[in-house]
Amino acid sequence: MRLKVKHTTSYFYSAPVDYSLQQVRMMPKQRQGQKILDWNVSIDGGRKQLEFTDQHANHVELISIDPGVERIVIHVTGEVETSDAAGILGRHQGFMPLWLFKRPTALTAPGPRIRALQKELGADFDSDIGQAHALSALIVEHVPYTTGNTDAGTGAEQAVAHASGVCQDHAHIFVSVMRLLGHPARYVSGYLMMNDRVEQDAMHAWAEAWFEGIGWVGFDVSNGYSPDERYIRVATGLDYNDASPVSGMRYGSTNEQMMVDIQVQQ
């Protein structure tokens, strides 16, 4: 399938910005099942300083904001050719050893609620992948998809306590439990072509777990299935902080508002 993406992220500041550096992770990964045909990232109100590949093999662009601006816009346009592999990515690639993907982070650290979820899941399954799919369904049962109750700083344990969350929270919970079960697991950010609309207001997030003899397999907890040809993988990491589309620092006494407009279509 050939997918076309148009993604605009606008930042508005209440006062001129003195200084800012941001890391932009918005270029898809090039690997089997996903071929970049065309991709461009441009900046209004800032400039690209350098590009590099991070420890998770994410393409990162470091941008600086021009001093005194009150608005910056990141434009992303591109086309990607994808194929359906039932969520299976296969062998491990990149610079990170597999054992590191078992390490908890601030956003995935298990607490009593995560451990209770693992206990409820049980271990009576024909396969590890069957157990992972059962976990995906269990997460949505306990944490229905609901917007407005969590944010980028909400951890897996907190999301279970809220009993509500979005795709980011579902991915963090899945990663947390899978690591408790002994599987390397990671967070994924990217794009999903929706069947009922073109316009979207946020990127999508899902998770991947590694299984002996199979490799990495993707699980979209929020939608209840593994990623297919409608998905574009952009960045991966131990949690959202490693794979966030934009992250960085800013100097100056100013408040920030963000608006996102995304179109994904065939």
# chains A, B, ... in the order shown; residues from 1 in each chain; ligands from 1

$ select_by_dssp --residues "stretch 45-155 of chain A" --states "strand (DSSP E)" --output "PyMOL selection string"
chain A and resi 46-53+59-65+71-82+88-90

$ closest_residue --among "A:Thr108, A:Asp128, A:Trp210, A:Gly122" --to "A:Ile173" --atoms "only C-alpha atoms"
A:Thr108

$ closest_atom_pairs --of "stretch 56-151 of chain A" --to "stretch 184-199 of chain A" --cutoff "12 Å" --atoms "only C-alpha atoms" --output "JSON lines"
{"residue": "A:His56", "atom": "CA", "partner": "A:Arg186", "partner_atom": "CA", "distance": 10.1}
{"residue": "A:Asn58", "atom": "CA", "partner": "A:Ser189", "partner_atom": "CA", "distance": 10.7}
{"residue": "A:Gly78", "atom": "CA", "partner": "A:Tyr191", "partner_atom": "CA", "distance": 11.7}
{"residue": "A:Glu79", "atom": "CA", "partner": "A:Tyr191", "partner_atom": "CA", "distance": 11.7}
{"residue": "A:Val80", "atom": "CA", "partner": "A:Tyr191", "partner_atom": "CA", "distance": 10.7}
{"residue": "A:Thr82", "atom": "CA", "partner": "A:Met193", "partner_atom": "CA", "distance": 11.5}
{"residue": "A:His92", "atom": "CA", "partner": "A:Pro184", "partner_atom": "CA", "distance": 10.6}
{"residue": "A:Met96", "atom": "CA", "partner": "A:Pro184", "partner_atom": "CA", "distance": 11.2}
{"residue": "A:Pro97", "atom": "CA", "partner": "A:Pro184", "partner_atom": "CA", "distance": 9.8}
{"residue": "A:Leu98", "atom": "CA", "partner": "A:Pro184", "partner_atom": "CA", "distance": 6.3}
{"residue": "A:Trp99", "atom": "CA", "partner": "A:Pro184", "partner_atom": "CA", "distance": 6.6}
{"residue": "A:Leu100", "atom": "CA", "partner": "A:Pro184", "partner_atom": "CA", "distance": 7.5}
{"residue": "A:Phe101", "atom": "CA", "partner": "A:Pro184", "partner_atom": "CA", "distance": 4.6}
{"residue": "A:Lys102", "atom": "CA", "partner": "A:Pro184", "partner_atom": "CA", "distance": 4.8}
{"residue": "A:Arg103", "atom": "CA", "partner": "A:Pro184", "partner_atom": "CA", "distance": 8.3}
{"residue": "A:Pro104", "atom": "CA", "partner": "A:Ala185", "partner_atom": "CA", "distance": 10.0}
{"residue": "A:Thr105", "atom": "CA", "partner": "A:Arg186", "partner_atom": "CA", "distance": 10.9}
{"residue": "A:Leu107", "atom": "CA", "partner": "A:Tyr187", "partner_atom": "CA", "distance": 10.7}
{"residue": "A:Thr108", "atom": "CA", "partner": "A:Tyr187", "partner_atom": "CA", "distance": 9.9}
{"residue": "A:Ala132", "atom": "CA", "partner": "A:Ala185", "partner_atom": "CA", "distance": 11.0}

$ residues_around --residues "stretch 156-165 of chain A" --least-positions-apart "3" --cutoff "12 Å" --atoms "only C-alpha atoms" --output "JSON, numbers by chain"
{"A": [104, 105, 106, 107, 108, 109, 110, 111, 112, 113, 114, 115, 116, 117, 138, 139, 140, 141, 142, 143, 144, 145, 146, 147, 148, 149, 150, 151, 152, 153, 168, 169, 170, 171, 172, 173, 174, 175, 176, 177, 221, 222, 239, 240]}

$ residues_around --residues "A:Pro28" --least-positions-apart "3" --cutoff "7 Å" --atoms "only C-alpha atoms" --output "list in words"
Ile232, Arg233, Val234 and Ala235 of chain A

$ atom_distance --atom1 "atom CA of A:Val166" --atom2 "atom CA of A:Lys4"
24.2 Å

$ residues_around --residues "A:Gly215" --least-positions-apart "4" --cutoff "6 Å" --atoms "only C-alpha atoms" --output "NGL selection string"
:A and (90-91 or 210-211)

$ residues_around --residues "A:Thr9" --least-positions-apart "4" --cutoff "12 Å" --atoms "only C-alpha atoms" --output "MDAnalysis selection string"
chainID A and resid 24 26 41:44 71:77 200:203 245:246 257:263

$ write_last_selection --atoms "N, CA, C and O atoms" --output "mmCIF file, in the first residue's frame"
data_model
loop_
_atom_site.group_PDB
_atom_site.id
_atom_site.type_symbol
_atom_site.label_atom_id
_atom_site.label_comp_id
_atom_site.auth_asym_id
_atom_site.auth_seq_id
_atom_site.Cartn_x
_atom_site.Cartn_y
_atom_site.Cartn_z
ATOM 1 N N VAL A 24 13.743 16.521 16.662
ATOM 2 C CA VAL A 24 12.574 16.135 15.862
ATOM 3 C C VAL A 24 12.773 14.719 15.341
ATOM 4 O O VAL A 24 13.745 14.442 14.626
ATOM 5 N N MET A 26 10.703 12.572 13.143
ATOM 6 C CA MET A 26 9.524 12.488 12.272
ATOM 7 C C MET A 26 9.810 11.821 10.936
ATOM 8 O O MET A 26 8.983 11.877 10.032
ATOM 9 N N VAL A 41 11.056 17.229 5.808
ATOM 10 C CA VAL A 41 10.748 17.949 7.038
ATOM 11 C C VAL A 41 11.312 19.357 6.905
ATOM 12 O O VAL A 41 12.508 19.528 6.644
ATOM 13 N N SER A 42 10.468 20.377 7.061
ATOM 14 C CA SER A 42 10.918 21.761 6.961
ATOM 15 C C SER A 42 10.430 22.553 8.170
ATOM 16 O O SER A 42 9.444 22.178 8.816
ATOM 17 N N ILE A 43 11.108 23.647 8.466
ATOM 18 C CA ILE A 43 10.855 24.426 9.680
ATOM 19 C C ILE A 43 10.601 25.882 9.312
ATOM 20 O O ILE A 43 11.361 26.476 8.546
ATOM 21 N N ASP A 44 9.530 26.481 9.861
ATOM 22 C CA ASP A 44 9.313 27.921 9.817
ATOM 23 C C ASP A 44 9.592 28.478 11.200
ATOM 24 O O ASP A 44 9.017 28.004 12.190
ATOM 25 N N ARG A 71 6.249 32.033 17.114
ATOM 26 C CA ARG A 71 5.559 30.922 16.449
ATOM 27 C C ARG A 71 6.572 30.120 15.660
ATOM 28 O O ARG A 71 7.430 30.675 14.983
ATOM 29 N N ILE A 72 6.490 28.799 15.774
ATOM 30 C CA ILE A 72 7.325 27.908 14.973
ATOM 31 C C ILE A 72 6.439 26.802 14.413
ATOM 32 O O ILE A 72 5.538 26.294 15.103
ATOM 33 N N VAL A 73 6.673 26.451 13.157
ATOM 34 C CA VAL A 73 5.864 25.429 12.500
ATOM 35 C C VAL A 73 6.782 24.376 11.888
ATOM 36 O O VAL A 73 7.747 24.716 11.195
ATOM 37 N N ILE A 74 6.484 23.106 12.160
ATOM 38 C CA ILE A 74 7.220 21.986 11.581
ATOM 39 C C ILE A 74 6.316 21.328 10.548
ATOM 40 O O ILE A 74 5.233 20.841 10.878
ATOM 41 N N HIS A 75 6.758 21.346 9.293
ATOM 42 C CA HIS A 75 5.984 20.758 8.199
ATOM 43 C C HIS A 75 6.592 19.406 7.811
ATOM 44 O O HIS A 75 7.793 19.315 7.581
ATOM 45 N N VAL A 76 5.758 18.391 7.707
ATOM 46 C CA VAL A 76 6.197 17.067 7.279
ATOM 47 C C VAL A 76 5.297 16.612 6.133
ATOM 48 O O VAL A 76 4.073 16.625 6.256
ATOM 49 N N THR A 77 5.910 16.222 5.026
ATOM 50 C CA THR A 77 5.162 15.643 3.913
ATOM 51 C C THR A 77 5.942 14.444 3.393
ATOM 52 O O THR A 77 7.178 14.436 3.424
ATOM 53 N N GLN A 200 -6.545 13.842 11.235
ATOM 54 C CA GLN A 200 -6.266 13.369 12.590
ATOM 55 C C GLN A 200 -5.605 14.492 13.382
ATOM 56 O O GLN A 200 -5.047 15.422 12.804
ATOM 57 N N ASP A 201 -5.665 14.384 14.706
ATOM 58 C CA ASP A 201 -5.089 15.436 15.546
ATOM 59 C C ASP A 201 -3.902 14.964 16.372
ATOM 60 O O ASP A 201 -3.425 15.685 17.252
ATOM 61 N N ALA A 202 -3.397 13.768 16.091
ATOM 62 C CA ALA A 202 -2.222 13.263 16.824
ATOM 63 C C ALA A 202 -1.630 12.068 16.079
ATOM 64 O O ALA A 202 -2.333 11.385 15.323
ATOM 65 N N MET A 203 -0.339 11.836 16.297
ATOM 66 C CA MET A 203 0.280 10.615 15.799
ATOM 67 C C MET A 203 -0.232 9.434 16.619
ATOM 68 O O MET A 203 -0.834 9.607 17.684
ATOM 69 N N PRO A 245 7.774 12.650 19.002
ATOM 70 C CA PRO A 245 8.032 13.370 17.753
ATOM 71 C C PRO A 245 8.917 14.601 17.943
ATOM 72 O O PRO A 245 9.786 14.872 17.125
ATOM 73 N N VAL A 246 8.685 15.343 19.031
ATOM 74 C CA VAL A 246 9.476 16.541 19.306
ATOM 75 C C VAL A 246 9.787 16.595 20.792
ATOM 76 O O VAL A 246 8.906 16.401 21.628
ATOM 77 N N GLN A 257 1.593 26.915 23.438
ATOM 78 C CA GLN A 257 0.422 26.187 22.971
ATOM 79 C C GLN A 257 0.793 25.458 21.681
ATOM 80 O O GLN A 257 1.548 25.984 20.861
ATOM 81 N N MET A 258 0.266 24.266 21.534
ATOM 82 C CA MET A 258 0.588 23.450 20.361
ATOM 83 C C MET A 258 -0.674 23.055 19.612
ATOM 84 O O MET A 258 -1.686 22.722 20.227
ATOM 85 N N MET A 259 -0.611 23.094 18.286
ATOM 86 C CA MET A 259 -1.688 22.613 17.435
ATOM 87 C C MET A 259 -1.110 21.629 16.425
ATOM 88 O O MET A 259 -0.032 21.876 15.869
ATOM 89 N N VAL A 260 -1.801 20.520 16.226
ATOM 90 C CA VAL A 260 -1.326 19.480 15.310
ATOM 91 C C VAL A 260 -2.411 19.173 14.287
ATOM 92 O O VAL A 260 -3.591 19.028 14.640
ATOM 93 N N ASP A 261 -2.011 19.086 13.043
ATOM 94 C CA ASP A 261 -2.921 18.692 11.966
ATOM 95 C C ASP A 261 -2.246 17.598 11.151
ATOM 96 O O ASP A 261 -1.128 17.785 10.646
ATOM 97 N N ILE A 262 -2.881 16.446 11.045
ATOM 98 C CA ILE A 262 -2.306 15.301 10.344
ATOM 99 C C ILE A 262 -3.306 14.757 9.337
ATOM 100 O O ILE A 262 -4.493 14.606 9.637
ATOM 101 N N GLN A 263 -2.809 14.449 8.152
ATOM 102 C CA GLN A 263 -3.602 13.758 7.139
ATOM 103 C C GLN A 263 -2.822 12.518 6.699
ATOM 104 O O GLN A 263 -1.651 12.614 6.339
#

$ residues_around --residues "A:Gln55" --least-positions-apart "4" --cutoff "9 Å" --atoms "only C-alpha atoms" --output "ChimeraX atom specification"
/A:94-96,237

$ write_last_selection --atoms "N, CA, C and O atoms" --output "mmCIF file, in the first residue's frame"
data_model
loop_
_atom_site.group_PDB
_atom_site.id
_atom_site.type_symbol
_atom_site.label_atom_id
_atom_site.label_comp_id
_atom_site.auth_asym_id
_atom_site.auth_seq_id
_atom_site.Cartn_x
_atom_site.Cartn_y
_atom_site.Cartn_z
ATOM 1 N N GLY A 94 19.591 -2.527 15.039
ATOM 2 C CA GLY A 94 19.879 -1.327 15.804
ATOM 3 C C GLY A 94 21.066 -1.504 16.724
ATOM 4 O O GLY A 94 21.779 -2.517 16.679
ATOM 5 N N PHE A 95 21.286 -0.517 17.562
ATOM 6 C CA PHE A 95 22.475 -0.461 18.403
ATOM 7 C C PHE A 95 22.235 -0.945 19.831
ATOM 8 O O PHE A 95 23.182 -1.118 20.591
ATOM 9 N N MET A 96 20.986 -1.147 20.219
ATOM 10 C CA MET A 96 20.653 -1.508 21.595
ATOM 11 C C MET A 96 20.593 -3.024 21.755
ATOM 12 O O MET A 96 19.946 -3.704 20.961
ATOM 13 N N GLY A 237 11.527 3.197 21.072
ATOM 14 C CA GLY A 237 12.336 3.446 22.259
ATOM 15 C C GLY A 237 11.830 2.677 23.450
ATOM 16 O O GLY A 237 10.856 1.916 23.363
#

$ atom_distance --atom1 "atom CA of A:Asp66" --atom2 "atom CA of A:Arg47"
7.4 Å

$ atom_distance --atom1 "atom CA of A:Leu89" --atom2 "atom CA of A:Ser244"
20.8 Å

$ closest_residue --among "A:Asn223, A:Asn255, A:Gln131, A:Thr154" --to "A:Val17" --atoms "only C-alpha atoms"
A:Asn255

$ closest_residue --among "A:Asp38, A:Asp220, A:Glu208, A:Glu70" --to "A:Leu238" --atoms "only C-alpha atoms"
A:Glu208

$ closest_residue --among "A:Ser83, A:Asn40, A:Gln49, A:Gln265" --to "A:Gln22" --atoms "only C-alpha atoms"
A:Gln49
